[in-house]
>>> print(open('coords23.cif').read())   # mmCIF, C-alpha atoms and all ligand atoms
data_query
loop_
_atom_site.label_atom_id
_atom_site.label_comp_id
_atom_site.auth_asym_id
_atom_site.auth_seq_id
_atom_site.Cartn_x
_atom_site.Cartn_y
_atom_site.Cartn_z
CA MET A 1 12.22 -163.66 -72.02
CA SER A 2 13.62 -167.08 -73.00
CA ASP A 3 16.78 -166.14 -71.09
CA THR A 4 14.69 -165.54 -68.03
CA LEU A 5 13.10 -168.93 -68.24
CA SER A 6 16.42 -170.76 -68.46
CA GLU A 7 17.79 -168.65 -65.63
CA THR A 8 15.02 -169.81 -63.33
CA ASP A 9 15.27 -173.48 -64.33
CA VAL A 10 17.47 -174.17 -61.35
CA ALA A 11 15.62 -171.70 -59.19
CA ARG A 12 12.08 -172.86 -59.58
CA GLY A 13 11.29 -175.37 -56.90
CA GLU A 14 7.91 -176.95 -56.42
CA SER A 15 6.01 -174.26 -54.59
CA SER A 16 3.08 -175.61 -52.67
CA TRP A 17 1.75 -172.10 -52.16
CA THR A 18 -1.04 -170.78 -54.34
CA PRO A 19 -2.68 -167.44 -53.81
CA THR A 20 -6.47 -167.35 -53.77
CA ASP A 21 -7.81 -164.71 -56.16
CA GLY A 22 -4.27 -163.41 -56.61
CA ARG A 23 -3.92 -162.42 -52.93
CA LEU A 24 -0.38 -163.05 -51.66
CA LEU A 25 -0.20 -161.25 -48.35
CA ASP A 26 -2.80 -160.16 -45.86
CA VAL A 27 -1.65 -158.21 -42.84
CA GLU A 28 -4.37 -157.43 -40.34
CA ASP A 29 -4.24 -155.20 -37.29
CA LEU A 30 -0.53 -155.90 -36.74
CA GLN A 31 0.84 -154.73 -33.38
CA VAL A 32 4.50 -154.69 -32.44
CA GLU A 33 6.15 -153.26 -29.36
CA PHE A 34 9.74 -152.92 -28.20
CA ARG A 35 10.32 -153.45 -24.49
CA THR A 36 13.31 -151.35 -23.60
CA ARG A 37 14.80 -149.80 -20.46
CA ASP A 38 13.17 -146.49 -21.45
CA GLY A 39 9.75 -148.07 -21.57
CA VAL A 40 7.54 -149.82 -24.08
CA ALA A 41 7.78 -148.32 -27.56
CA LYS A 42 4.58 -149.01 -29.49
CA ALA A 43 6.23 -149.30 -32.88
CA ILE A 44 3.29 -150.76 -34.85
CA ASN A 45 -0.24 -149.93 -33.75
CA GLY A 46 -2.73 -151.81 -35.88
CA VAL A 47 -1.38 -151.90 -39.42
CA SER A 48 -3.53 -153.65 -42.05
CA LEU A 49 -2.41 -154.05 -45.63
CA HIS A 50 -2.52 -156.52 -48.49
CA LEU A 51 -0.48 -157.39 -51.54
CA ASP A 52 -1.63 -159.08 -54.74
CA GLU A 53 0.33 -160.92 -57.42
CA GLY A 54 2.07 -158.62 -59.85
CA GLU A 55 1.40 -155.55 -57.73
CA THR A 56 3.77 -152.93 -56.32
CA LEU A 57 2.88 -151.41 -52.98
CA ALA A 58 5.01 -148.52 -51.74
CA VAL A 59 5.17 -148.08 -47.97
CA LEU A 60 6.12 -144.55 -47.17
CA GLY A 61 6.94 -142.62 -44.03
CA GLU A 62 9.60 -140.69 -42.13
CA SER A 63 12.39 -142.34 -40.20
CA GLY A 64 10.99 -144.26 -37.21
CA SER A 65 7.45 -144.57 -38.56
CA GLY A 66 7.61 -148.38 -38.47
CA LYS A 67 8.27 -149.33 -42.09
CA SER A 68 11.16 -151.71 -41.43
CA VAL A 69 9.53 -153.22 -38.35
CA THR A 70 6.44 -154.00 -40.43
CA ALA A 71 8.67 -155.72 -43.00
CA GLN A 72 10.57 -157.60 -40.30
CA ALA A 73 7.33 -158.86 -38.77
CA ILE A 74 6.17 -160.11 -42.19
CA MET A 75 9.53 -161.81 -42.80
CA GLY A 76 9.72 -163.23 -39.27
CA ILE A 77 13.08 -161.59 -38.57
CA LEU A 78 12.05 -159.21 -35.81
CA ASP A 79 14.75 -158.60 -33.22
CA THR A 80 13.16 -160.52 -30.26
CA PRO A 81 13.75 -159.39 -27.56
CA PRO A 82 13.31 -156.41 -27.45
CA GLY A 83 10.69 -156.59 -30.25
CA PHE A 84 7.45 -158.56 -29.82
CA VAL A 85 4.44 -159.04 -32.06
CA THR A 86 1.61 -158.46 -29.59
CA GLY A 87 -1.36 -158.81 -31.91
CA GLY A 88 -2.77 -159.16 -35.36
CA SER A 89 -2.23 -161.52 -38.20
CA VAL A 90 0.10 -161.99 -41.19
CA ARG A 91 -1.19 -164.48 -43.75
CA TYR A 92 0.70 -165.70 -46.82
CA CYS A 93 -1.54 -167.33 -49.45
CA GLY A 94 -4.16 -167.59 -46.71
CA THR A 95 -1.92 -169.29 -44.11
CA GLU A 96 -1.05 -167.59 -40.82
CA LEU A 97 2.69 -166.98 -40.48
CA LEU A 98 2.79 -165.58 -36.96
CA THR A 99 2.02 -168.92 -35.31
CA MET A 100 4.49 -170.93 -37.41
CA THR A 101 7.63 -172.49 -36.00
CA GLU A 102 10.99 -171.01 -36.98
CA LYS A 103 11.63 -174.08 -39.15
CA GLN A 104 8.38 -173.54 -41.07
CA ARG A 105 9.15 -169.87 -41.53
CA ARG A 106 12.58 -170.66 -42.95
CA GLU A 107 10.88 -172.58 -45.73
CA ILE A 108 8.99 -169.43 -46.68
CA ARG A 109 11.76 -166.89 -46.18
CA GLY A 110 13.73 -166.84 -49.44
CA PRO A 111 11.77 -169.18 -51.70
CA GLU A 112 8.40 -167.45 -51.13
CA ILE A 113 9.02 -164.08 -49.48
CA SER A 114 12.39 -162.47 -49.97
CA MET A 115 13.89 -159.17 -48.84
CA ILE A 116 16.49 -156.63 -49.95
CA PHE A 117 18.01 -154.35 -47.34
CA GLN A 118 19.19 -150.78 -47.53
CA ASP A 119 22.84 -151.43 -46.95
CA ALA A 120 24.17 -153.95 -49.47
CA LEU A 121 27.71 -153.82 -48.10
CA SER A 122 26.79 -155.06 -44.66
CA SER A 123 24.31 -157.60 -46.05
CA LEU A 124 26.90 -159.30 -48.27
CA ASN A 125 29.58 -161.44 -46.71
CA PRO A 126 32.93 -159.69 -47.34
CA VAL A 127 35.02 -162.88 -47.38
CA PHE A 128 33.18 -164.80 -50.12
CA PRO A 129 33.03 -164.06 -53.86
CA VAL A 130 29.67 -162.62 -54.91
CA GLY A 131 28.96 -165.42 -57.39
CA TRP A 132 29.56 -167.98 -54.66
CA GLN A 133 27.09 -166.17 -52.39
CA ILE A 134 24.37 -166.22 -55.05
CA ALA A 135 25.11 -169.85 -55.95
CA GLU A 136 24.96 -170.85 -52.27
CA MET A 137 21.24 -169.93 -52.20
CA LEU A 138 20.62 -172.43 -54.99
CA ARG A 139 22.78 -175.14 -53.45
CA VAL A 140 21.18 -174.86 -50.03
CA HIS A 141 17.54 -174.39 -51.04
CA ARG A 142 17.40 -176.27 -54.31
CA GLY A 143 20.16 -178.84 -53.96
CA ALA A 144 21.77 -177.61 -57.19
CA ASN A 145 25.26 -178.98 -57.92
CA ARG A 146 28.25 -176.61 -57.95
CA SER A 147 28.52 -176.03 -61.66
CA ASP A 148 24.77 -175.59 -62.28
CA ALA A 149 24.56 -173.20 -59.34
CA ARG A 150 27.55 -171.22 -60.63
CA GLU A 151 26.05 -170.95 -64.13
CA ALA A 152 22.71 -169.87 -62.65
CA ALA A 153 24.54 -167.26 -60.54
CA ILE A 154 26.22 -165.86 -63.66
CA ARG A 155 22.88 -165.67 -65.47
CA LEU A 156 21.35 -163.90 -62.48
CA MET A 157 24.26 -161.42 -62.41
CA GLU A 158 23.69 -160.81 -66.12
CA ARG A 159 19.99 -160.36 -65.53
CA VAL A 160 20.58 -157.61 -62.99
CA ASN A 161 22.86 -155.94 -65.56
CA ILE A 162 26.28 -156.47 -64.02
CA PRO A 163 28.72 -155.89 -66.87
CA GLY A 164 31.20 -158.74 -67.44
CA ALA A 165 29.31 -161.04 -65.07
CA ARG A 166 31.20 -164.18 -66.16
CA GLN A 167 34.56 -162.52 -65.53
CA ARG A 168 33.45 -161.02 -62.21
CA VAL A 169 31.67 -163.99 -60.70
CA ASN A 170 34.67 -164.63 -58.41
CA ALA A 171 35.14 -160.99 -57.38
CA PHE A 172 34.52 -159.91 -53.79
CA PRO A 173 31.87 -157.40 -52.63
CA HIS A 174 34.39 -154.59 -52.02
CA GLN A 175 35.43 -154.75 -55.68
CA PHE A 176 31.99 -153.48 -56.77
CA SER A 177 30.42 -150.01 -56.55
CA GLY A 178 27.47 -149.42 -54.23
CA GLY A 179 25.00 -149.67 -57.10
CA MET A 180 26.54 -152.91 -58.36
CA ARG A 181 26.47 -154.39 -54.85
CA GLN A 182 22.80 -153.55 -54.61
CA ARG A 183 22.30 -155.36 -57.96
CA ILE A 184 24.05 -158.39 -56.46
CA MET A 185 21.69 -158.24 -53.47
CA ILE A 186 18.78 -158.15 -55.89
CA ALA A 187 20.18 -161.18 -57.73
CA MET A 188 20.34 -163.07 -54.42
CA ALA A 189 16.84 -162.00 -53.47
CA ILE A 190 15.31 -163.24 -56.73
CA ALA A 191 17.50 -166.37 -57.03
CA LEU A 192 14.78 -168.62 -55.63
CA ASP A 193 12.05 -166.94 -57.66
CA PRO A 194 10.01 -165.64 -54.69
CA ALA A 195 6.38 -164.63 -55.06
CA VAL A 196 6.87 -161.62 -52.77
CA LEU A 197 9.86 -159.30 -52.73
CA ILE A 198 10.22 -156.70 -49.99
CA ALA A 199 12.74 -153.97 -50.78
CA ASP A 200 13.53 -151.90 -47.68
CA GLU A 201 14.93 -148.56 -48.87
CA PRO A 202 16.94 -150.32 -51.59
CA THR A 203 18.37 -147.11 -53.01
CA THR A 204 18.83 -144.80 -50.03
CA ALA A 205 22.62 -145.19 -49.92
CA LEU A 206 23.01 -144.53 -53.67
CA ASP A 207 23.24 -141.36 -55.72
CA VAL A 208 20.14 -140.23 -57.57
CA THR A 209 21.08 -141.51 -61.02
CA VAL A 210 21.83 -144.98 -59.71
CA GLN A 211 18.64 -144.84 -57.60
CA ALA A 212 16.57 -144.43 -60.73
CA GLN A 213 18.36 -147.34 -62.45
CA ILE A 214 17.82 -149.69 -59.51
CA MET A 215 14.15 -148.72 -59.30
CA ALA A 216 13.77 -149.38 -63.02
CA LEU A 217 15.43 -152.79 -62.61
CA LEU A 218 13.13 -153.73 -59.72
CA ALA A 219 10.11 -152.69 -61.78
CA GLU A 220 11.28 -154.81 -64.73
CA LEU A 221 11.90 -157.87 -62.58
CA GLN A 222 8.59 -157.43 -60.83
CA GLU A 223 6.77 -157.41 -64.14
CA GLU A 224 8.65 -160.27 -65.76
CA ARG A 225 8.24 -162.55 -62.72
CA ARG A 226 4.78 -161.33 -61.67
CA MET A 227 6.09 -160.79 -58.16
CA GLY A 228 4.25 -158.86 -55.53
CA LEU A 229 6.67 -156.07 -54.61
CA ILE A 230 6.67 -154.03 -51.41
CA LEU A 231 8.87 -150.97 -51.78
CA ILE A 232 9.73 -149.24 -48.53
CA THR A 233 10.93 -145.68 -48.79
CA HIS A 234 10.89 -142.31 -47.07
CA ASP A 235 10.96 -140.61 -50.45
CA LEU A 236 7.74 -140.29 -52.42
CA GLY A 237 9.81 -139.11 -55.40
CA VAL A 238 11.60 -142.40 -56.09
CA VAL A 239 8.49 -144.58 -56.23
CA ALA A 240 6.25 -142.34 -58.33
CA ASP A 241 6.78 -144.23 -61.55
CA VAL A 242 6.88 -147.78 -60.21
CA ALA A 243 4.24 -148.14 -57.48
CA ASP A 244 0.61 -149.11 -58.05
CA ARG A 245 -0.59 -148.28 -54.56
CA ILE A 246 0.83 -146.29 -51.69
CA ALA A 247 0.44 -146.80 -47.94
CA VAL A 248 1.63 -143.90 -45.80
CA MET A 249 2.79 -144.62 -42.22
CA TYR A 250 3.04 -142.29 -39.28
CA ALA A 251 3.92 -143.32 -35.71
CA GLY A 252 3.24 -146.98 -36.34
CA LYS A 253 -0.09 -146.56 -38.12
CA LEU A 254 -1.26 -146.21 -41.67
CA VAL A 255 -2.62 -142.72 -42.18
CA GLU A 256 -3.49 -142.92 -45.87
CA THR A 257 -3.78 -145.55 -48.60
CA ALA A 258 -4.66 -145.02 -52.25
CA ASP A 259 -3.50 -145.70 -55.76
CA VAL A 260 -0.39 -143.78 -56.68
CA HIS A 261 -2.06 -141.37 -59.10
CA SER A 262 -4.71 -140.23 -56.62
CA ILE A 263 -2.11 -139.56 -53.94
CA TYR A 264 0.00 -137.42 -56.25
CA ALA A 265 -3.00 -135.56 -57.57
CA ALA A 266 -4.48 -134.80 -54.15
CA PRO A 267 -3.41 -136.27 -50.78
CA ALA A 268 -6.23 -136.78 -48.29
CA HIS A 269 -4.09 -136.65 -45.13
CA PRO A 270 -2.11 -133.61 -43.97
CA TYR A 271 0.99 -135.74 -43.40
CA THR A 272 0.95 -137.00 -47.00
CA GLN A 273 0.52 -133.39 -48.11
CA GLY A 274 3.72 -132.57 -46.24
CA LEU A 275 5.63 -135.47 -47.79
CA LEU A 276 4.49 -134.50 -51.25
CA ALA A 277 5.41 -130.86 -50.73
CA SER A 278 8.95 -131.88 -49.81
CA ILE A 279 9.72 -133.74 -53.08
CA PRO A 280 12.19 -131.80 -55.20
CA ARG A 281 10.42 -130.92 -58.42
CA LEU A 282 12.13 -130.44 -61.74
CA ASP A 283 9.84 -127.56 -62.66
CA GLN A 284 10.74 -125.59 -59.54
CA LYS A 285 14.51 -125.87 -59.37
CA GLY A 286 16.14 -123.86 -56.64
CA GLN A 287 12.91 -123.30 -54.77
CA GLU A 288 12.92 -123.89 -51.03
CA LEU A 289 11.40 -127.26 -50.10
CA ALA A 290 8.53 -127.24 -47.68
CA ALA A 291 9.75 -129.73 -45.07
CA ILE A 292 7.25 -130.87 -42.46
CA GLY A 293 7.95 -128.89 -39.30
CA GLY A 294 8.45 -130.67 -35.97
CA LEU A 295 9.33 -134.27 -35.20
CA PRO A 296 7.46 -137.58 -35.03
CA PRO A 297 6.35 -138.48 -31.46
CA ASN A 298 8.41 -140.55 -29.07
CA LEU A 299 6.78 -143.97 -29.41
CA THR A 300 6.98 -144.63 -25.69
CA ARG A 301 4.81 -141.53 -25.15
CA ILE A 302 2.47 -141.12 -28.11
CA PRO A 303 0.39 -137.97 -27.42
CA PRO A 304 -3.36 -138.28 -26.83
CA GLY A 305 -5.62 -137.51 -29.75
CA CYS A 306 -4.12 -137.67 -33.22
CA PRO A 307 -0.37 -138.43 -33.09
CA PHE A 308 0.18 -135.93 -35.90
CA ASN A 309 -1.62 -133.04 -34.14
CA PRO A 310 1.45 -131.10 -32.91
CA ARG A 311 2.62 -130.80 -36.54
CA CYS A 312 -0.69 -130.44 -38.30
CA ARG A 313 -1.95 -127.23 -39.85
CA TYR A 314 -5.51 -128.58 -39.80
CA ALA A 315 -5.52 -129.54 -36.11
CA GLN A 316 -8.59 -128.53 -34.07
CA ASP A 317 -9.44 -129.21 -30.43
CA VAL A 318 -10.95 -132.55 -31.32
CA CYS A 319 -7.56 -133.66 -32.72
CA ARG A 320 -5.89 -133.05 -29.36
CA HIS A 321 -8.42 -135.16 -27.47
CA ASP A 322 -9.94 -137.80 -29.73
CA PRO A 323 -7.92 -140.34 -31.62
CA PRO A 324 -8.36 -139.95 -35.37
CA PRO A 325 -10.80 -142.32 -37.02
CA ALA A 326 -9.33 -145.60 -38.30
CA LEU A 327 -8.57 -145.50 -42.03
CA ARG A 328 -11.90 -144.64 -43.56
CA GLU A 329 -13.04 -144.30 -47.12
CA VAL A 330 -12.98 -140.66 -48.17
CA ARG A 331 -13.56 -141.38 -51.85
CA PRO A 332 -13.88 -144.75 -53.55
CA GLY A 333 -10.49 -146.49 -53.24
CA ARG A 334 -9.08 -143.72 -51.01
CA ARG A 335 -8.69 -144.11 -47.30
CA ALA A 336 -7.37 -141.68 -44.72
CA ALA A 337 -7.21 -141.60 -40.92
CA CYS A 338 -8.11 -137.97 -40.28
CA HIS A 339 -11.12 -136.16 -38.80
CA PHE A 340 -10.97 -133.62 -41.60
CA ALA A 341 -9.93 -135.74 -44.57
CA GLU A 342 -12.62 -134.26 -46.82
CA ASP A 343 -11.36 -130.70 -46.23
CA VAL A 344 -7.75 -131.81 -46.71
CA LEU A 345 -8.63 -133.50 -49.98
CA ALA A 346 -10.46 -130.43 -51.25
CA ASP A 347 -7.49 -128.18 -50.42
CA SER A 348 -5.06 -130.65 -51.97
CA ALA A 349 -6.99 -130.71 -55.21
CA ARG A 350 -6.30 -126.97 -55.47
CA GLU A 351 -2.68 -127.00 -54.23
CA PHE A 352 -1.24 -130.12 -55.83
CA ASP A 353 -2.53 -129.77 -59.33
CA HIS A 354 0.81 -130.53 -60.97
CA PRO A 355 2.64 -133.41 -62.66
CA HIS A 356 5.15 -135.32 -60.53
CA HIS A 357 8.75 -136.08 -61.40
CA LEU A 358 11.37 -138.62 -60.55
CA HIS A 359 14.65 -137.00 -59.57
CA GLY A 360 16.89 -139.39 -61.55
CA ASP A 361 17.73 -138.80 -65.20
CA GLY A 362 18.56 -142.42 -66.05
CA GLY A 363 22.24 -141.77 -66.87
CA GLU A 364 24.69 -144.66 -66.93
CA GLU A 365 26.41 -146.04 -63.88
CA ARG A 366 30.10 -146.79 -64.44
CA ARG A 367 32.07 -149.06 -62.13
N1 LIG A 401 15.87 -152.88 -32.11
C1 LIG A 401 15.01 -151.96 -31.64
N2 LIG A 401 14.99 -151.66 -30.33
C2 LIG A 401 14.13 -150.76 -29.83
N3 LIG A 401 13.23 -150.08 -30.56
C3 LIG A 401 13.22 -150.32 -31.87
C4 LIG A 401 14.10 -151.27 -32.48
N4 LIG A 401 13.84 -151.30 -33.81
C5 LIG A 401 12.84 -150.41 -34.01
N5 LIG A 401 12.46 -149.82 -32.86
C6 LIG A 401 11.36 -148.86 -32.68
O1 LIG A 401 10.47 -149.00 -33.74
C7 LIG A 401 10.26 -147.77 -34.40
C8 LIG A 401 10.10 -148.01 -35.87
O2 LIG A 401 11.33 -148.41 -36.40
P1 LIG A 401 11.54 -148.75 -37.93
O3 LIG A 401 12.92 -149.29 -38.03
O4 LIG A 401 10.43 -149.61 -38.41
O5 LIG A 401 11.42 -147.33 -38.62
P2 LIG A 401 11.50 -147.02 -40.17
O6 LIG A 401 10.18 -146.46 -40.55
O7 LIG A 401 11.98 -148.21 -40.90
O8 LIG A 401 12.57 -145.85 -40.20
P3 LIG A 401 13.84 -145.61 -41.15
O9 LIG A 401 13.30 -144.80 -42.29
O10 LIG A 401 14.78 -144.83 -40.29
O11 LIG A 401 14.38 -146.93 -41.57
C9 LIG A 401 11.45 -146.92 -34.04
O12 LIG A 401 11.09 -145.57 -33.97
C10 LIG A 401 11.85 -147.43 -32.69
O13 LIG A 401 11.11 -146.75 -31.69
S1 LIG A 402 -6.96 -135.79 -37.25
FE1 LIG A 402 -6.56 -133.61 -36.88
S2 LIG A 402 -4.38 -133.52 -36.25
FE2 LIG A 402 -4.75 -135.52 -37.18
S3 LIG A 402 -4.14 -135.24 -39.27
FE3 LIG A 402 -6.35 -134.88 -39.20
S4 LIG A 402 -6.58 -132.70 -38.89
FE4 LIG A 402 -4.44 -133.19 -38.45
MG MG A 403 13.73 -148.63 -41.90
#
>>> encode(input="coords23.cif", output="structure tokens")
Amino acid sequence: MSDTLSETDVARGESSWTPTDGRLLDVEDLQVEFRTRDGVAKAINGVSLHLDEGETLAVLGESGSGKSVTAQAIMGILDTPPGFVTGGSVRYCGTELLTMTEKQRREIRGPEISMIFQDALSSLNPVFPVGWQIAEMLRVHRGANRSDAREAAIRLMERVNIPGARQRVNAFPHQFSGGMRQRIMIAMAIALDPAVLIADEPTTALDVTVQAQIMALLAELQEERRMGLILITHDLGVVADVADRIAVMYAGKLVETADVHSIYAAPAHPYTQGLLASIPRLDQKGQELAAIGGLPPNLTRIPPGCPFNPRCRYAQDVCRHDPPPALREVRPGRRAACHFAEDVLADSAREFDHPHHLHGDGGEERR
């Protein structure tokens, strides 16, 4: 712990941001669309979520459900055009971000809210040594001198468990394995001691053993720095042991939110049921996985009624005509956007009465 404090000596600037009652982020009714030649894709259709200090929220959903776009809107790095925030609000420590100037947002991006991307190789600059890239954050944002910044970079590399950090501080990104590069990205993301860290599929490109190690590292850092952590993933299996709450997205909306244990014990939305059924389980090796049949809707032509209806085993006529209710409380602390959430929950309680498992076994990564 004392190591951690010295490591952040350089990093810790004077933050003028203080959460009220521990609330870091408040996203309300966020709407994002992409205006393309094929039409207007309604990527985010009224997403509301919050994040408190020291909390890990997992945002889950299939490819194209709007996870990254939500993160980009929070970070202020949406690709505009074609992407536009058309409504809603994103507040950090109570202050609206969406109306800020780019200069104001730059003061938040990095020191307050930081992000790790899926592909570490393309996020790191290939022509600069990794230590230099980490140190640069501290020179630019904190005005640290070269040698202090270099020492801080080495300590950060040590903190994310890069073996021989002092010897490898001048190595280039291509000289590290995928897992080690992702550790370097994490070191950069925490260099300025942000209050919020958003990790967008941080382990997707890695093999399962390394995935588990990176998740464990993120969980450790989150706890030691009391960060609010948003973990974006399409894989319910990798976040089981680290998330506090889960928000499930489908076609640009949240369809279910709950604490992690409730969701594993009994999902209240048919889509979450499908995601849970497709996690490989250690106690059923070799068994066929129940993938969710069909595809998510084209976001330029979201079907009437419930967007999940063509794939839903619970669908009734009402689902083909009436939009599903907004997220509503099905049980205390459990919200789902489904006409039949109570029935789904009752079935789930029978079908999903099993312990969950991570797929990784925590073995050691080499290179
Ligand atoms: N640059 C873009 N141009 C046009 N449409 C886009 C663009 N980026 C995102 N979209 C639209 O927004 C939707 C949501 O994209 P997003 O990247 O948030 O999905 P995701 O949930 O992160 O998926 P993945 O798991 O594949 O990363 C896409 O289905 C697409 O229709
Ligand atoms: S509203 Fe209807 S179609 Fe949508 S998830 Fe619920 S049961 Fe399925
Ligand atoms: Mg994404």
>>> atom_distance(input="coords23.cif", atom1="CA of Ala199 in chain A", atom2="CA of Gly252 in chain A")
18.6 Å
>>> residues_near_ligand(input="coords23.cif", ligand="ligand MG 403 (chain A)", cutoff="9 Å", atoms="only C-alpha atoms and all ligand atoms", output="ChimeraX atom specification")
/A:62-69,71,117-118,200-201,232-234
>>> residues_near_ligand(input="coords23.cif", ligand="ligand LIG 402 (chain A)", cutoff="6 Å", atoms="all atoms listed in the file", output="compact mmCIF listing (two decimals) with C-alpha atoms, in the coordinates of the input")
# COMPACT_ATOMS: atom_id res chain seq x y z
CA PRO A 270 -2.11 -133.61 -43.97
CA CYS A 306 -4.12 -137.67 -33.22
CA PHE A 308 0.18 -135.93 -35.90
CA ASN A 309 -1.62 -133.04 -34.14
CA CYS A 312 -0.69 -130.44 -38.30
CA TYR A 314 -5.51 -128.58 -39.80
CA ALA A 315 -5.52 -129.54 -36.11
CA CYS A 319 -7.56 -133.66 -32.72
CA PRO A 324 -8.36 -139.95 -35.37
CA CYS A 338 -8.11 -137.97 -40.28
CA HIS A 339 -11.12 -136.16 -38.80
CA PHE A 340 -10.97 -133.62 -41.60
>>> residues_around(input="coords23.cif", residues="Gln175 in chain A", least_positions_apart="4", cutoff="12 Å", atoms="only C-alpha atoms", output="list of chain:residue names")
A:Leu121, A:Pro126, A:Val127, A:Phe128, A:Pro129, A:Val130, A:Arg168, A:Val169, A:Asn170, A:Ala171, A:Gly179, A:Met180, A:Arg181, A:Ile184, A:Arg367
>>> write_last_selection(input="coords23.cif", atoms="C-alpha atoms", output="short mmCIF file (atom, residue, chain, number, x, y, z; two decimals), in the coordinates of the input")
data_model
loop_
_atom_site.label_atom_id
_atom_site.label_comp_id
_atom_site.auth_asym_id
_atom_site.auth_seq_id
_atom_site.Cartn_x
_atom_site.Cartn_y
_atom_site.Cartn_z
CA LEU A 121 27.71 -153.82 -48.10
CA PRO A 126 32.93 -159.69 -47.34
CA VAL A 127 35.02 -162.88 -47.38
CA PHE A 128 33.18 -164.80 -50.12
CA PRO A 129 33.03 -164.06 -53.86
CA VAL A 130 29.67 -162.62 -54.91
CA ARG A 168 33.45 -161.02 -62.21
CA VAL A 169 31.67 -163.99 -60.70
CA ASN A 170 34.67 -164.63 -58.41
CA ALA A 171 35.14 -160.99 -57.38
CA GLY A 179 25.00 -149.67 -57.10
CA MET A 180 26.54 -152.91 -58.36
CA ARG A 181 26.47 -154.39 -54.85
CA ILE A 184 24.05 -158.39 -56.46
CA ARG A 367 32.07 -149.06 -62.13
#
>>> axis_aligned_box(input="coords23.cif", around="ligand LIG 401 (chain A)", padding_each_side="8 Å", output="AutoDock Vina command-line options")
--center_x 13.0 --center_y -148.8 --center_z -36.1 --size_x 21.8 --size_y 24.1 --size_z 28.5
>>> atom_distance(input="coords23.cif", atom1="CA of Leu254 in chain A", atom2="CA of Leu57 in chain A")
13.1 Å
>>> atom_distance(input="coords23.cif", atom1="CA of Pro173 in chain A", atom2="CA of Glu224 in chain A")
26.8 Å
>>> closest_residue(input="coords23.cif", among="A:Pro303, A:Pro81, A:Pro163, A:Gly76", to="ligand LIG 401 (chain A)", atoms="all atoms listed in the file")
A:Pro81
>>> residues_near_point(input="coords23.cif", point="(26.4, -175.8, -59.3)", cutoff="12 Å", atoms="only C-alpha atoms", output="PyMOL selection string")
chain A and resi 10-11+131-140+142-154
>>> residues_around(input="coords23.cif", residues="Arg23 in chain A", least_positions_apart="2", cutoff="10 Å", atoms="only C-alpha atoms", output="PyMOL selection string")
chain A and resi 18-21+25-26+50-55+91-94+228
>>> residues_around(input="coords23.cif", residues="Ala326 in chain A", least_positions_apart="4", cutoff="10 Å", atoms="only C-alpha atoms", output="number ranges by chain")
A: 46, 253-256, 335-339
>>> closest_residue(input="coords23.cif", among="A:Leu275, A:Ile113, A:Met100, A:Ala251", to="ligand LIG 401 (chain A)", atoms="all atoms listed in the file")
A:Ala251
>>> residues_around(input="coords23.cif", residues="Glu96 in chain A", least_positions_apart="6", cutoff="12 Å", atoms="only C-alpha atoms", output="list of chain:residue names")
A:Leu24, A:Leu25, A:Asp26, A:Val27, A:Glu28, A:Ile74, A:Gly76, A:Gly88, A:Ser89, A:Val90, A:Gln104, A:Arg105, A:Ile108
>>> write_last_selection(input="coords23.cif", atoms="C-alpha atoms", output="CSV table (one decimal), in the coordinates of the input")
chain,number,residue,atom,x,y,z
A,24,LEU,CA,-0.4,-163.0,-51.7
A,25,LEU,CA,-0.2,-161.2,-48.4
A,26,ASP,CA,-2.8,-160.2,-45.9
A,27,VAL,CA,-1.6,-158.2,-42.8
A,28,GLU,CA,-4.4,-157.4,-40.3
A,74,ILE,CA,6.2,-160.1,-42.2
A,76,GLY,CA,9.7,-163.2,-39.3
A,88,GLY,CA,-2.8,-159.2,-35.4
A,89,SER,CA,-2.2,-161.5,-38.2
A,90,VAL,CA,0.1,-162.0,-41.2
A,104,GLN,CA,8.4,-173.5,-41.1
A,105,ARG,CA,9.2,-169.9,-41.5
A,108,ILE,CA,9.0,-169.4,-46.7
>>> residues_around(input="coords23.cif", residues="Ala216 in chain A", least_positions_apart="6", cutoff="10 Å", atoms="all atoms listed in the file", output="VMD selection string")
chain A and resid 210 222 239 241 to 242 362
>>> closest_residue(input="coords23.cif", among="A:Ala346, A:Ala341, A:Gly294, A:Arg183", to="Ala165 in chain A", atoms="only C-alpha atoms")
A:Arg183
>>> closest_residue(input="coords23.cif", among="A:Asp235, A:Asp322, A:Asp244, A:Asp207", to="ligand LIG 401 (chain A)", atoms="all atoms listed in the file")
A:Asp235
>>> closest_residue(input="coords23.cif", among="A:Ser177, A:Thr56, A:Gln167, A:Thr209", to="Asp259 in chain A", atoms="all atoms listed in the file")
A:Thr56
>>> closest_residue(input="coords23.cif", among="A:Ile292, A:Leu192, A:Leu299, A:Ala120", to="Asp38 in chain A", atoms="only C-alpha atoms")
A:Leu299
